[in-house]
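**Student:** Have a look at the structure that comes next, please.
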Amino acid sequence: MIRNLFLTAFRSLKKNKFFSFLNITGLAIGMTVFLLIAQYVRFEQSYEDFIPDLENLYRVSLTSYVNNELVMSSAENYPGAGPALSHELPEVVGNARLYNIGYKNNVIITNEEGKPDPIALKQRRFLYADSSFLPLVGYPMVAGDAKTALAQPFTAVVSEQYAKLYFGNEDPIGKMLRLQDDDFNNELVKVTGVFKNLPANTHLKFDVLFSYRTLFSRFERAPVRYDQSWQRKDMYTFIKVRPGTDPARLEEKFAGIVEKYSPGLKERNQRDILSLQPVKDIHLTSNLAEEFEANGDGRIVRFLAMIGIFVMVIAWINYINLSTAKAMERAKEVGVRKVMGAFKAQLIRQFLVEAAFINLLAVLAAVVLVAIALPYFNTLSGSHFTLIDLTSPWFLGTVLGLWIIGTLLSGFYPALVLSSFRPVTVLKGKLRNSFSGIMLRKTLVVLQFMASVALIAGTLIVYRQLNYMMQQDLGMNIDQVIVVERPGIAPRDRKAFNSAVDVFRNEVKKHPAVEGFSTSVTVPGKQREYKASIKRYGASDDEQMAIRFNSMDYDFIDVFQMKLIAGRRFSEEFPKDQDTSAIITESAARLLGFKKPEDAIGQTLAIDDFQYYPIVVGVVNDYHQVSLKKSLDPTLFYCTNYGGEYYSARINTSDLQGTVAHMREAWEKAFPGNPFEYFFLDDFFNRQYENEKKFGALFTTFAALAMVVGCLGLFGLSAYTATQRTKEIGIRKALGSTDQGIFVLLSKEYVKLVLLSIVLAVPLVWFFMNNWIESFPYRTTISPFIFATAGITVLLVSLLTVSYQTVRAARTNPVESLRYE
């Protein structure tokens with residue numbers, strides 16, 4: 001029986017090759033899009049799912065206010081917060097702190113016994129970790145005991161990958177590594193463990209962990225600073241709670257703990273709030289200061305999931321439309337089967353088997369297309385999927401589910417329609433397309449093209465917003481600027497270090513292509529998240545303003561081509577500039593109550609937290625330190641010629657390789673033993689828009705594929721309609737109708753449907769995309785031109801799709817049309 005069902009299904013496909021091809025192609029493209037997006041969405045939502053007992057693991061974040069003004073909202077916290085929460089709250093059963101020194105400092109870790117030469121690697125993914133961290137998160141160890149590996153000071157654990165890089169095939173346990181950084185730290189540690197390489201789906205990526213207790217030996221009061229302090233906010237704090245703990249109720253107790261351990265906040269008009277973040281949600285929901293890496297965007301993931309569903313539904317709609325439209329041609333077959341004794345249930349089963357067969361072929365084709373498209377999709381999305389991922393139980397289960405669901409959704413209604421024909425009516429030739437069936441097909445076509453209009457308009461809005469942000473004036477020029485981070489290995493003697501900086505600066509400036517050189521504590525694209533409480537000297541504490549800090553040397557304004565609005569720049573002619581002077585931005589001047597920039601010149605400011613009372617010597621234009629996804633901040637610059645963490649050179653050259661080679665030679669001369677790494681500032685800054693770029697590229701690709709799928713269905717329907725109206729066309733032509741008139745007659749029905757889809761799609765697109773665009777402080781407008789472009793595009797493509805069949809029908813000889821049976 002099953003063999004007969006499949007044999008009948010195969011014969012039906014063979015008989016209707018053209019429509020079978022359209023059905024299978026449309027379904028295959030829809031399934032390919034769905035599977036690619038599903039794989040991406042699942043990966044984005046799977047972050048940290050390899051951690052045991054994940055639902056009870058939280059990160060403690062910190063939000064700080066001064067005079068009820070937000071100073072910062074940070075992923076980091078006080079060193080004393082974790083131990084205090086464990087001590088004070090019985091719900092907290094474990095805590096661990098991480099010090100992200102690899103992000104904050106330039107760290108060089110060396111295997112000094114490496115052969116033939118010492119192996120020195122610059123470490124970005126490096127942390128100091130409490131001994132409780134590895135057991136808390138349950139990362140699997142290859143060698144060593146997770147519970148004791150970091151219990152003693154001057155111990156370390158490394159990943160499998162870095163064990164191989166540092167020690168080759170030798171056993172790393174007991175081997176020594178030396179850390180040197182740009183804060184002049186120098187620590188020799190013993191490797192006590194090796195952990196498995198971390199998977200890609202974690203927000204906390206690291207390759208080397210040093211024992212947290214190693215920090216306690218740095219200076220006399222280091223144990224207080226790193227273990228008990230509630231002053232410096234520079235530690236990630238993770239806690240594990242008892243199963244069944246209500247996080248909202250637990251958070252309510254934090255305020256009392258902050259008040260107990262940090263009693264002086266009220267006197268400074270400061271309010272600190274500790275909050276819980278589920279570790280499993282960090283990647284898609286958290287965008288705080290000092291994140292370990294740039295997180296994903298949950299909104300983008302949800303948008304892509306909706307697109308995947310849209311495209312799949314469009315493909316199923318095509319199948320339903322074409323199947324019900326072709327129902328008339330199968331009416332006699334159904335009539336004969338019923339006369340011969342077939343029951344309705346048997347007919348439904350037969351047509352569902354046909355749907356299953358078509359969906360099966362489409363699924364198989366989709367898997368092949370996914371494999372082919374995977375490298376391109378990885379480029380678009382920034383993912384790293386491989387063919388091995390297509391053999392995972394999850395992917396195979398999704399394919400199976402897609403086949404079953406697709407069979408039921410796309411096959412049940414056509415099967416119901418076909419099996420419901422009355423044999424007497426059918427065999428008398430009186431069967432006609434029902435009004436309800438025609439209306440259903442029209443409704444489905446409208447839904448298809450509503451989705452197409454929405455995707456195209458959404459794509460245009462995303463790119464318009466992205467271009468708007470990237471083309472705005474930042475207030476400084478970041479083009480043609482090469483940046484090098486300060487060395488990790490440097491003389492501890494301050495004079496010797498300053499001399500080495502001068503050597504590098506002077507050597508770099510000797511190259512004719514170098515127009516300027518500057519040092520600063522940060523560069524555009526990287527925010528110093530701390531805001532200082534600043535007031536005019538003599539003002540009361542409740543007049544304090546939260547203003548960001550940055551540094552300048554003497555050449556910063558020239559290198560970054562900022563505008564001096566009032567006063568002067570820092571200068572070597574004023575030796576006290578490094579101790580007593582400040583430059584502020586226009587918005588900082590306004591915030592501090594100066595009506596004009598000139599009024600700020602010569603005025604003294606007070607930063608009581610630092611016991612720093614600088615005199616304003618200049619006012620510069622406002623600028624964007626970070627992307628236009630955030631509002632610009634009022635800023636104060638202090639002067640330092642040697643304390644910068646970044647060395648920036650403005651170049652003007654066609655010989656880029658020669659300029660970089662010259663800078664490399666200067667670096668090796670000034671800072672021997674340090675790897676030379678550089679980046680271009682505009683590229684570094686624009687990385688902040690990576691999520692939006694990926695979103696736009698994916699949106700564009702899938703919008704185009706949605707149009708292709710929709711047009712395949714429209715092409716099939718227009719072909720069917722033209723066939724059904726062959727005699728009518730012949731009679732009209734015999735009575736004098738022109739080819740153009742026939743074309744208009746056959747096309748206008750589809751044009752009306754597409755126009756209706758445009759009208760219905762516009763308000764929906766505006767609502768959703770306006771909500772998205774409102775999340776940006778600097779945003780473009782949603783122009784009517786966008787909807788006009790999307791609508792015209794869909795209209796032209798749909799007309800082009802139906803034109804082949806309509807023109808072919810219009811140009812058919814009426815004699816042949818009237819002979820048609």
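Identifiers in the structure tokens: chain A, B, ... in order shown; residue index from 1 per chain; ligand index from 1 in order shown.
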Give me, as a ChimeraX atom specification, all polymer residues having an atom no more than 10 Å from Gly516 in chain A, counting only C-alpha atoms and skipping those fewer than 5 positions away in the same chain.
**Tutor:** /A:481,505,508-509,555-556,558-560,648-652
**Student:** Please write the residues from the selection above to a file, keeping N, CA and C atoms, as a PDB file, in the first residue's frame.
**Tutor:**
ATOM      1  N   VAL A 481      45.197  57.256  10.568  1.00  0.00           N
ATOM      2  CA  VAL A 481      45.880  57.257  11.863  1.00  0.00           C
ATOM      3  C   VAL A 481      46.219  55.811  12.224  1.00  0.00           C
ATOM      4  N   ARG A 505      58.949  58.182  19.707  1.00  0.00           N
ATOM      5  CA  ARG A 505      58.277  59.351  19.121  1.00  0.00           C
ATOM      6  C   ARG A 505      59.182  60.024  18.086  1.00  0.00           C
ATOM      7  N   VAL A 508      59.821  57.798  14.909  1.00  0.00           N
ATOM      8  CA  VAL A 508      58.641  57.723  14.043  1.00  0.00           C
ATOM      9  C   VAL A 508      58.486  59.021  13.257  1.00  0.00           C
ATOM     10  N   LYS A 509      58.680  60.156  13.912  1.00  0.00           N
ATOM     11  CA  LYS A 509      58.466  61.457  13.270  1.00  0.00           C
ATOM     12  C   LYS A 509      59.521  61.769  12.209  1.00  0.00           C
ATOM     13  N   ASP A 555      50.604  67.322  21.302  1.00  0.00           N
ATOM     14  CA  ASP A 555      50.272  67.262  19.871  1.00  0.00           C
ATOM     15  C   ASP A 555      48.913  66.626  19.589  1.00  0.00           C
ATOM     16  N   PHE A 556      48.158  66.269  20.610  1.00  0.00           N
ATOM     17  CA  PHE A 556      46.897  65.539  20.431  1.00  0.00           C
ATOM     18  C   PHE A 556      45.929  66.308  19.535  1.00  0.00           C
ATOM     19  N   ASP A 558      46.437  68.505  17.236  1.00  0.00           N
ATOM     20  CA  ASP A 558      46.855  68.520  15.827  1.00  0.00           C
ATOM     21  C   ASP A 558      46.677  67.151  15.176  1.00  0.00           C
ATOM     22  N   VAL A 559      47.081  66.098  15.873  1.00  0.00           N
ATOM     23  CA  VAL A 559      47.004  64.746  15.290  1.00  0.00           C
ATOM     24  C   VAL A 559      45.563  64.371  14.991  1.00  0.00           C
ATOM     25  N   PHE A 560      44.650  64.707  15.903  1.00  0.00           N
ATOM     26  CA  PHE A 560      43.245  64.323  15.710  1.00  0.00           C
ATOM     27  C   PHE A 560      42.410  65.465  15.117  1.00  0.00           C
ATOM     28  N   SER A 648      49.666  57.259  18.762  1.00  0.00           N
ATOM     29  CA  SER A 648      48.961  57.450  17.490  1.00  0.00           C
ATOM     30  C   SER A 648      49.801  58.301  16.547  1.00  0.00           C
ATOM     31  N   ALA A 649      49.892  57.854  15.301  1.00  0.00           N
ATOM     32  CA  ALA A 649      50.650  58.597  14.292  1.00  0.00           C
ATOM     33  C   ALA A 649      49.739  58.896  13.104  1.00  0.00           C
ATOM     34  N   ARG A 650      49.656  60.180  12.748  1.00  0.00           N
ATOM     35  CA  ARG A 650      48.911  60.562  11.548  1.00  0.00           C
ATOM     36  C   ARG A 650      49.844  60.460  10.366  1.00  0.00           C
ATOM     37  N   ILE A 651      49.418  59.741   9.332  1.00  0.00           N
ATOM     38  CA  ILE A 651      50.278  59.525   8.179  1.00  0.00           C
ATOM     39  C   ILE A 651      49.603  60.058   6.920  1.00  0.00           C
ATOM     40  N   ASN A 652      50.416  60.321   5.929  1.00  0.00           N
ATOM     41  CA  ASN A 652      49.940  60.734   4.619  1.00  0.00           C
ATOM     42  C   ASN A 652      50.887  60.136   3.596  1.00  0.00           C
TER      43      ASN A 652
END
**Student:** May I have the residues within 9 Å of Glu55 in chain A as a PyMOL selection string, using only C-alpha atoms and disregarding those fewer than 3 positions away in the same chain?
**Tutor:** chain A and resi 52+58+243+278-280
**Student:** Keeping only C-alpha atoms, write those residues as an mmCIF file, in the first residue's frame.
**Tutor:**
data_model
loop_
_atom_site.group_PDB
_atom_site.id
_atom_site.type_symbol
_atom_site.label_atom_id
_atom_site.label_comp_id
_atom_site.auth_asym_id
_atom_site.auth_seq_id
_atom_site.Cartn_x
_atom_site.Cartn_y
_atom_site.Cartn_z
ATOM 1 C CA PRO A 52 26.664 22.907 34.820
ATOM 2 C CA TYR A 58 24.797 35.171 38.051
ATOM 3 C CA PRO A 243 18.294 26.350 43.680
ATOM 4 C CA PRO A 278 21.828 35.629 34.674
ATOM 5 C CA VAL A 279 25.031 34.427 33.047
ATOM 6 C CA LYS A 280 23.034 32.659 30.329
#
**Student:** Sorted by chain and rising residue number, which residues of range 98-153 of chain A lie within 6 Å of range 175-192 of chain A, and what are their closest atom pairs and distances in Å to one decimal, counting only C-alpha atoms, as a tab-separated table?
**Tutor:**
residue	atom	partner	partner_atom	distance
A:Asn106	CA	A:Asp181	CA	5.5
A:Val107	CA	A:Asp181	CA	4.4
A:Ile108	CA	A:Gln180	CA	5.4
A:Ile109	CA	A:Leu179	CA	4.5
A:Thr110	CA	A:Arg178	CA	5.2
A:Asn111	CA	A:Leu177	CA	5.0
A:Ala149	CA	A:Thr192	CA	5.4
**Student:** Those residues you just picked out, can you put them in a file as a PDB file, in the first residue's frame with N, CA and C atoms?
**Tutor:**
ATOM      1  N   ASN A 106      48.666  46.050  28.751  1.00  0.00           N
ATOM      2  CA  ASN A 106      49.380  45.346  27.690  1.00  0.00           C
ATOM      3  C   ASN A 106      50.263  44.304  28.358  1.00  0.00           C
ATOM      4  N   VAL A 107      49.872  43.041  28.198  1.00  0.00           N
ATOM      5  CA  VAL A 107      50.486  41.950  28.939  1.00  0.00           C
ATOM      6  C   VAL A 107      51.303  41.072  27.996  1.00  0.00           C
ATOM      7  N   ILE A 108      52.537  40.814  28.380  1.00  0.00           N
ATOM      8  CA  ILE A 108      53.387  39.871  27.659  1.00  0.00           C
ATOM      9  C   ILE A 108      53.688  38.712  28.598  1.00  0.00           C
ATOM     10  N   ILE A 109      53.361  37.492  28.171  1.00  0.00           N
ATOM     11  CA  ILE A 109      53.663  36.302  28.960  1.00  0.00           C
ATOM     12  C   ILE A 109      54.675  35.468  28.181  1.00  0.00           C
ATOM     13  N   THR A 110      55.772  35.125  28.868  1.00  0.00           N
ATOM     14  CA  THR A 110      56.916  34.513  28.201  1.00  0.00           C
ATOM     15  C   THR A 110      57.278  33.181  28.835  1.00  0.00           C
ATOM     16  N   ASN A 111      57.529  32.195  28.009  1.00  0.00           N
ATOM     17  CA  ASN A 111      58.203  30.975  28.446  1.00  0.00           C
ATOM     18  C   ASN A 111      59.691  31.203  28.193  1.00  0.00           C
ATOM     19  N   ALA A 149      43.990  24.080  41.620  1.00  0.00           N
ATOM     20  CA  ALA A 149      44.989  24.581  40.660  1.00  0.00           C
ATOM     21  C   ALA A 149      45.362  26.036  40.902  1.00  0.00           C
TER      22      ALA A 149
END
**Student:** Which residue, A:Ala496, A:Ala28, A:Leu387, A:Ile320, has the smallest gap to Phe671 in chain A when you use only C-alpha atoms?
**Tutor:** A:Ala496
**Student:** Using only C-alpha atoms, pick whichever of A:Val617, A:Val754, A:Ala371, A:Ile173 has the shortest atom-to-atom distance to Phe574 in chain A.
**Tutor:** A:Val617
**Student:** Counting only C-alpha atoms, figure out which residue out of A:Phe785, A:Tyr778, A:Trp230, A:Tyr689 gets nearest to Gln472 in chain A.
**Tutor:**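 Among the listed residues, A:Tyr778 lies closest to Gln472 in chain A.
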**Student:** At a cut-off of 6 Å, using only C-alpha atoms, what residues contact range 307-318 of chain A? Leave out same-chain residues fewer than 4 positions from it and give the result as a list in words.
**Tutor:**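 That gives Gly26, Leu27, Gly30, Phe34, Ile37, Ser410, Gln448, Ala706 and Gly713 of chain A.
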**Student:** Convert the current residue selection to file output with N, CA and C atoms, as a PDB file, in the first residue's frame.
**Tutor:**
ATOM      1  N   GLY A  26      11.024  26.354  -4.666  1.00  0.00           N
ATOM      2  CA  GLY A  26      10.588  27.331  -3.669  1.00  0.00           C
ATOM      3  C   GLY A  26      10.737  26.812  -2.256  1.00  0.00           C
ATOM      4  N   LEU A  27      10.313  25.564  -2.024  1.00  0.00           N
ATOM      5  CA  LEU A  27      10.441  24.971  -0.696  1.00  0.00           C
ATOM      6  C   LEU A  27      11.908  24.813  -0.307  1.00  0.00           C
ATOM      7  N   GLY A  30      13.326  28.211   0.657  1.00  0.00           N
ATOM      8  CA  GLY A  30      12.763  28.593   1.950  1.00  0.00           C
ATOM      9  C   GLY A  30      13.369  27.801   3.092  1.00  0.00           C
ATOM     10  N   PHE A  34      15.681  29.083   6.238  1.00  0.00           N
ATOM     11  CA  PHE A  34      15.242  28.762   7.604  1.00  0.00           C
ATOM     12  C   PHE A  34      16.326  28.014   8.369  1.00  0.00           C
ATOM     13  N   ILE A  37      19.343  30.341   9.258  1.00  0.00           N
ATOM     14  CA  ILE A  37      18.991  31.276  10.330  1.00  0.00           C
ATOM     15  C   ILE A  37      18.784  30.523  11.641  1.00  0.00           C
ATOM     16  N   SER A 410       1.690  22.407   4.627  1.00  0.00           N
ATOM     17  CA  SER A 410       1.521  22.702   3.209  1.00  0.00           C
ATOM     18  C   SER A 410       0.636  21.679   2.501  1.00  0.00           C
ATOM     19  N   GLN A 448       2.352  37.038   1.077  1.00  0.00           N
ATOM     20  CA  GLN A 448       3.695  36.833   0.564  1.00  0.00           C
ATOM     21  C   GLN A 448       4.376  38.163   0.253  1.00  0.00           C
ATOM     22  N   ALA A 706      13.650  35.940  -0.161  1.00  0.00           N
ATOM     23  CA  ALA A 706      12.195  35.956   0.046  1.00  0.00           C
ATOM     24  C   ALA A 706      11.482  36.399  -1.226  1.00  0.00           C
ATOM     25  N   GLY A 713       6.331  31.442  -6.838  1.00  0.00           N
ATOM     26  CA  GLY A 713       4.908  31.150  -6.701  1.00  0.00           C
ATOM     27  C   GLY A 713       4.068  31.962  -7.656  1.00  0.00           C
TER      28      GLY A 713
END
**Student:** Give me, as a list in words, all polymer residues having an atom no more than 12 Å from Glu507 in chain A, counting only C-alpha atoms and skipping those fewer than 2 positions away in the same chain.
**Tutor:** Ala500, Val501, Asp502, Val503, Phe504, Arg505, Lys509, Lys510, His511, Pro512, Val514, Gly516, Phe517, Ala649, Thr659, His662, Met663, Arg664, Glu665, Ala666, Trp667, Glu668, Lys669 and Ala670 of chain A
**Student:** Using only C-alpha atoms, please write the residues we just selected to a file, as a PDB file, in the first residue's frame.
**Tutor:**
ATOM      1  CA  ALA A 500      62.252  55.184  25.534  1.00  0.00           C
ATOM      2  CA  VAL A 501      58.940  56.902  24.652  1.00  0.00           C
ATOM      3  CA  ASP A 502      60.907  59.905  23.358  1.00  0.00           C
ATOM      4  CA  VAL A 503      63.082  57.610  21.256  1.00  0.00           C
ATOM      5  CA  PHE A 504      60.015  56.008  19.677  1.00  0.00           C
ATOM      6  CA  ARG A 505      58.277  59.351  19.121  1.00  0.00           C
ATOM      7  CA  LYS A 509      58.466  61.457  13.270  1.00  0.00           C
ATOM      8  CA  LYS A 510      61.621  61.208  11.145  1.00  0.00           C
ATOM      9  CA  HIS A 511      59.658  59.469   8.397  1.00  0.00           C
ATOM     10  CA  PRO A 512      58.426  62.055   5.860  1.00  0.00           C
ATOM     11  CA  VAL A 514      54.317  60.967   9.402  1.00  0.00           C
ATOM     12  CA  GLY A 516      52.159  64.014  13.722  1.00  0.00           C
ATOM     13  CA  PHE A 517      52.536  61.768  16.756  1.00  0.00           C
ATOM     14  CA  ALA A 649      50.650  58.597  14.292  1.00  0.00           C
ATOM     15  CA  THR A 659      55.786  53.595   6.789  1.00  0.00           C
ATOM     16  CA  HIS A 662      59.768  52.291   9.672  1.00  0.00           C
ATOM     17  CA  MET A 663      57.484  52.323  12.732  1.00  0.00           C
ATOM     18  CA  ARG A 664      58.385  48.687  13.430  1.00  0.00           C
ATOM     19  CA  GLU A 665      62.106  49.522  13.378  1.00  0.00           C
ATOM     20  CA  ALA A 666      61.516  52.473  15.699  1.00  0.00           C
ATOM     21  CA  TRP A 667      59.508  50.253  18.068  1.00  0.00           C
ATOM     22  CA  GLU A 668      62.168  47.538  18.212  1.00  0.00           C
ATOM     23  CA  LYS A 669      64.806  50.176  18.881  1.00  0.00           C
ATOM     24  CA  ALA A 670      62.848  51.831  21.691  1.00  0.00           C
TER      25      ALA A 670
END
**Student:** Using only C-alpha atoms, which residues sit within 8 Å of Phe695 in chain A once same-chain residues fewer than 4 positions away are excluded, as a compact mmCIF listing (two decimals) with C-alpha atoms, in the first residue's frame?
**Tutor:**
# COMPACT_ATOMS: atom_id res chain seq x y z
CA ILE A 300 18.83 41.32 15.85
CA SER A 381 27.19 36.57 9.96
CA VAL A 462 18.90 49.47 8.49
CA ASN A 691 26.34 43.99 14.70
CA PHE A 699 18.66 41.33 6.01
**Student:** Just asking: which residues within range 521-565 of chain A are alpha helix (DSSP H) according to DSSP, as JSON, numbers by chain?
**Tutor:** {"A": [556, 557, 558, 559]}
**Student:** Write a file of the selected residues as a PDB file, in the first residue's frame, keeping C-alpha atoms.
**Tutor:**
ATOM      1  CA  PHE A 556      46.897  65.539  20.431  1.00  0.00           C
ATOM      2  CA  ILE A 557      44.785  68.388  19.027  1.00  0.00           C
ATOM      3  CA  ASP A 558      46.855  68.520  15.827  1.00  0.00           C
ATOM      4  CA  VAL A 559      47.004  64.746  15.290  1.00  0.00           C
TER       5      VAL A 559
END
**Student:** List as a short mmCIF file (atom, residue, chain, number, x, y, z; two decimals) with C-alpha atoms, in the first residue's frame the protein and nucleic acid residues near Thr781 in chain A, meaning an atom at most 10 Å away when only C-alpha atoms are counted, but skip any in the same chain fewer than 6 places from it.
**Tutor:**
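Just written: part_39.cif:
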data_model
loop_
_atom_site.label_atom_id
_atom_site.label_comp_id
_atom_site.auth_asym_id
_atom_site.auth_seq_id
_atom_site.Cartn_x
_atom_site.Cartn_y
_atom_site.Cartn_z
CA ILE A 461 16.08 51.49 6.88
CA ARG A 464 20.18 54.25 6.08
CA GLN A 465 20.66 54.30 9.86
CA TYR A 468 23.91 57.98 8.95
CA ASN A 770 10.59 52.99 14.13
CA ILE A 773 15.54 53.18 15.22
CA GLU A 774 14.32 55.01 18.33
#
**Student:** So that I can check the surroundings of range 528-538 of chain A, please list as a tab-separated table (two decimals) with N, CA and C atoms, in the first residue's frame every protein, DNA and RNA residue that reaches within 9 Å of it, counting only C-alpha atoms and ignoring chain neighbours fewer than 5 positions away.
**Tutor:**
chain	number	residue	atom	x	y	z
A	66	VAL	N	25.65	59.90	40.81
A	66	VAL	CA	26.09	61.03	41.63
A	66	VAL	C	25.10	62.16	41.41
A	71	VAL	N	26.43	57.89	36.47
A	71	VAL	CA	27.87	58.00	36.24
A	71	VAL	C	28.35	56.84	35.40
A	72	MET	N	27.91	55.64	35.72
A	72	MET	CA	28.29	54.49	34.91
A	72	MET	C	27.41	53.31	35.25
A	73	SER	N	27.32	52.41	34.30
A	73	SER	CA	26.65	51.14	34.49
A	73	SER	C	27.62	50.07	33.97
A	74	SER	N	28.23	49.34	34.88
A	74	SER	CA	29.39	48.52	34.54
A	74	SER	C	29.18	47.05	34.82
A	289	ALA	N	29.29	48.90	30.42
A	289	ALA	CA	30.70	49.26	30.33
A	289	ALA	C	31.56	48.09	30.80
A	290	GLU	N	32.75	47.98	30.23
A	290	GLU	CA	33.73	46.98	30.63
A	290	GLU	C	33.28	45.54	30.38
A	521	VAL	N	45.63	58.29	26.91
A	521	VAL	CA	45.24	57.12	27.70
A	521	VAL	C	44.19	56.28	26.99
A	522	THR	N	43.50	56.86	26.03
A	522	THR	CA	42.56	56.08	25.23
A	522	THR	C	42.44	56.73	23.86
A	543	GLU	N	26.37	70.56	43.45
A	543	GLU	CA	26.57	71.12	42.11
A	543	GLU	C	27.57	70.31	41.29
A	544	GLN	N	28.00	69.16	41.82
A	544	GLN	CA	28.95	68.32	41.10
A	544	GLN	C	28.30	67.73	39.84
A	545	MET	N	29.11	67.62	38.80
A	545	MET	CA	28.67	67.05	37.52
A	545	MET	C	29.53	65.83	37.19
A	546	ALA	N	28.92	64.85	36.55
A	546	ALA	CA	29.66	63.67	36.13
A	546	ALA	C	30.25	63.93	34.74
A	547	ILE	N	31.58	63.96	34.65
A	547	ILE	CA	32.27	64.27	33.41
A	547	ILE	C	33.36	63.24	33.18
A	548	ARG	N	33.51	62.82	31.93
A	548	ARG	CA	34.52	61.82	31.60
A	548	ARG	C	35.92	62.43	31.59
A	549	PHE	N	36.91	61.55	31.82
A	549	PHE	CA	38.31	61.95	31.81
A	549	PHE	C	38.99	61.37	30.57
A	550	ASN	N	39.88	62.12	30.00
A	550	ASN	CA	40.78	61.63	28.97
A	550	ASN	C	42.09	62.39	29.12
A	592	LEU	N	29.10	72.94	33.33
A	592	LEU	CA	29.67	73.56	34.54
A	592	LEU	C	29.19	74.99	34.74
A	593	GLY	N	28.31	75.46	33.87
A	593	GLY	CA	27.67	76.74	34.09
A	593	GLY	C	28.30	77.93	33.39
A	603	GLN	N	39.43	79.58	34.92
A	603	GLN	CA	38.64	79.17	36.08
A	603	GLN	C	39.18	77.85	36.65
A	604	THR	N	39.08	77.72	37.97
A	604	THR	CA	39.59	76.53	38.66
A	604	THR	C	38.44	75.54	38.89
A	605	LEU	N	38.72	74.27	38.63
A	605	LEU	CA	37.75	73.20	38.87
A	605	LEU	C	38.19	72.36	40.06
A	606	ALA	N	37.26	71.65	40.63
A	606	ALA	CA	37.56	70.80	41.79
A	606	ALA	C	37.11	69.37	41.53
A	607	ILE	N	38.05	68.44	41.58
A	607	ILE	CA	37.75	67.00	41.53
A	607	ILE	C	38.22	66.44	42.87
A	608	ASP	N	37.34	66.49	43.86
A	608	ASP	CA	37.71	66.17	45.24
A	608	ASP	C	38.16	64.73	45.40
A	609	ASP	N	37.58	63.79	44.61
A	609	ASP	CA	37.95	62.38	44.73
A	609	ASP	C	39.44	62.17	44.47
A	610	PHE	N	40.02	62.98	43.60
A	610	PHE	CA	41.44	62.86	43.25
A	610	PHE	C	42.30	63.93	43.91
A	613	TYR	N	42.83	69.98	41.41
A	613	TYR	CA	42.16	71.27	41.26
A	613	TYR	C	42.79	72.03	40.08
A	635	THR	N	33.65	66.09	28.43
A	635	THR	CA	34.95	65.49	28.74
A	635	THR	C	35.93	66.53	29.25
**Student:** So that I can check the secondary structure, give me every residue of range 396-644 of chain A assigned strand (DSSP E) by backbone DSSP, as a VMD selection string.
**Tutor:** chain A and resid 481 to 485 514 to 520 531 to 536 545 to 552 564 to 567 581 to 585 605 to 606 615 to 620 635 to 639
**Student:** Could you work out how far CA of Gln657 in chain A lies from CA of Asp683 in chain A, giving the answer in Å with one decimal?
**Tutor:**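 Between CA of Asp683 in chain A and CA of Gln657 in chain A the gap works out to 17.1 Å.
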**Student:** Between CA of Glu112 in chain A and CA of Asp130 in chain A, what is the distance, to one decimal in Å?
**Tutor:** 25.7 Å
**Student:** Expressed in Å to a single decimal, how great is the separation between CA of Gln688 in chain A and CA of Val626 in chain A?
**Tutor:** 8.0 Å
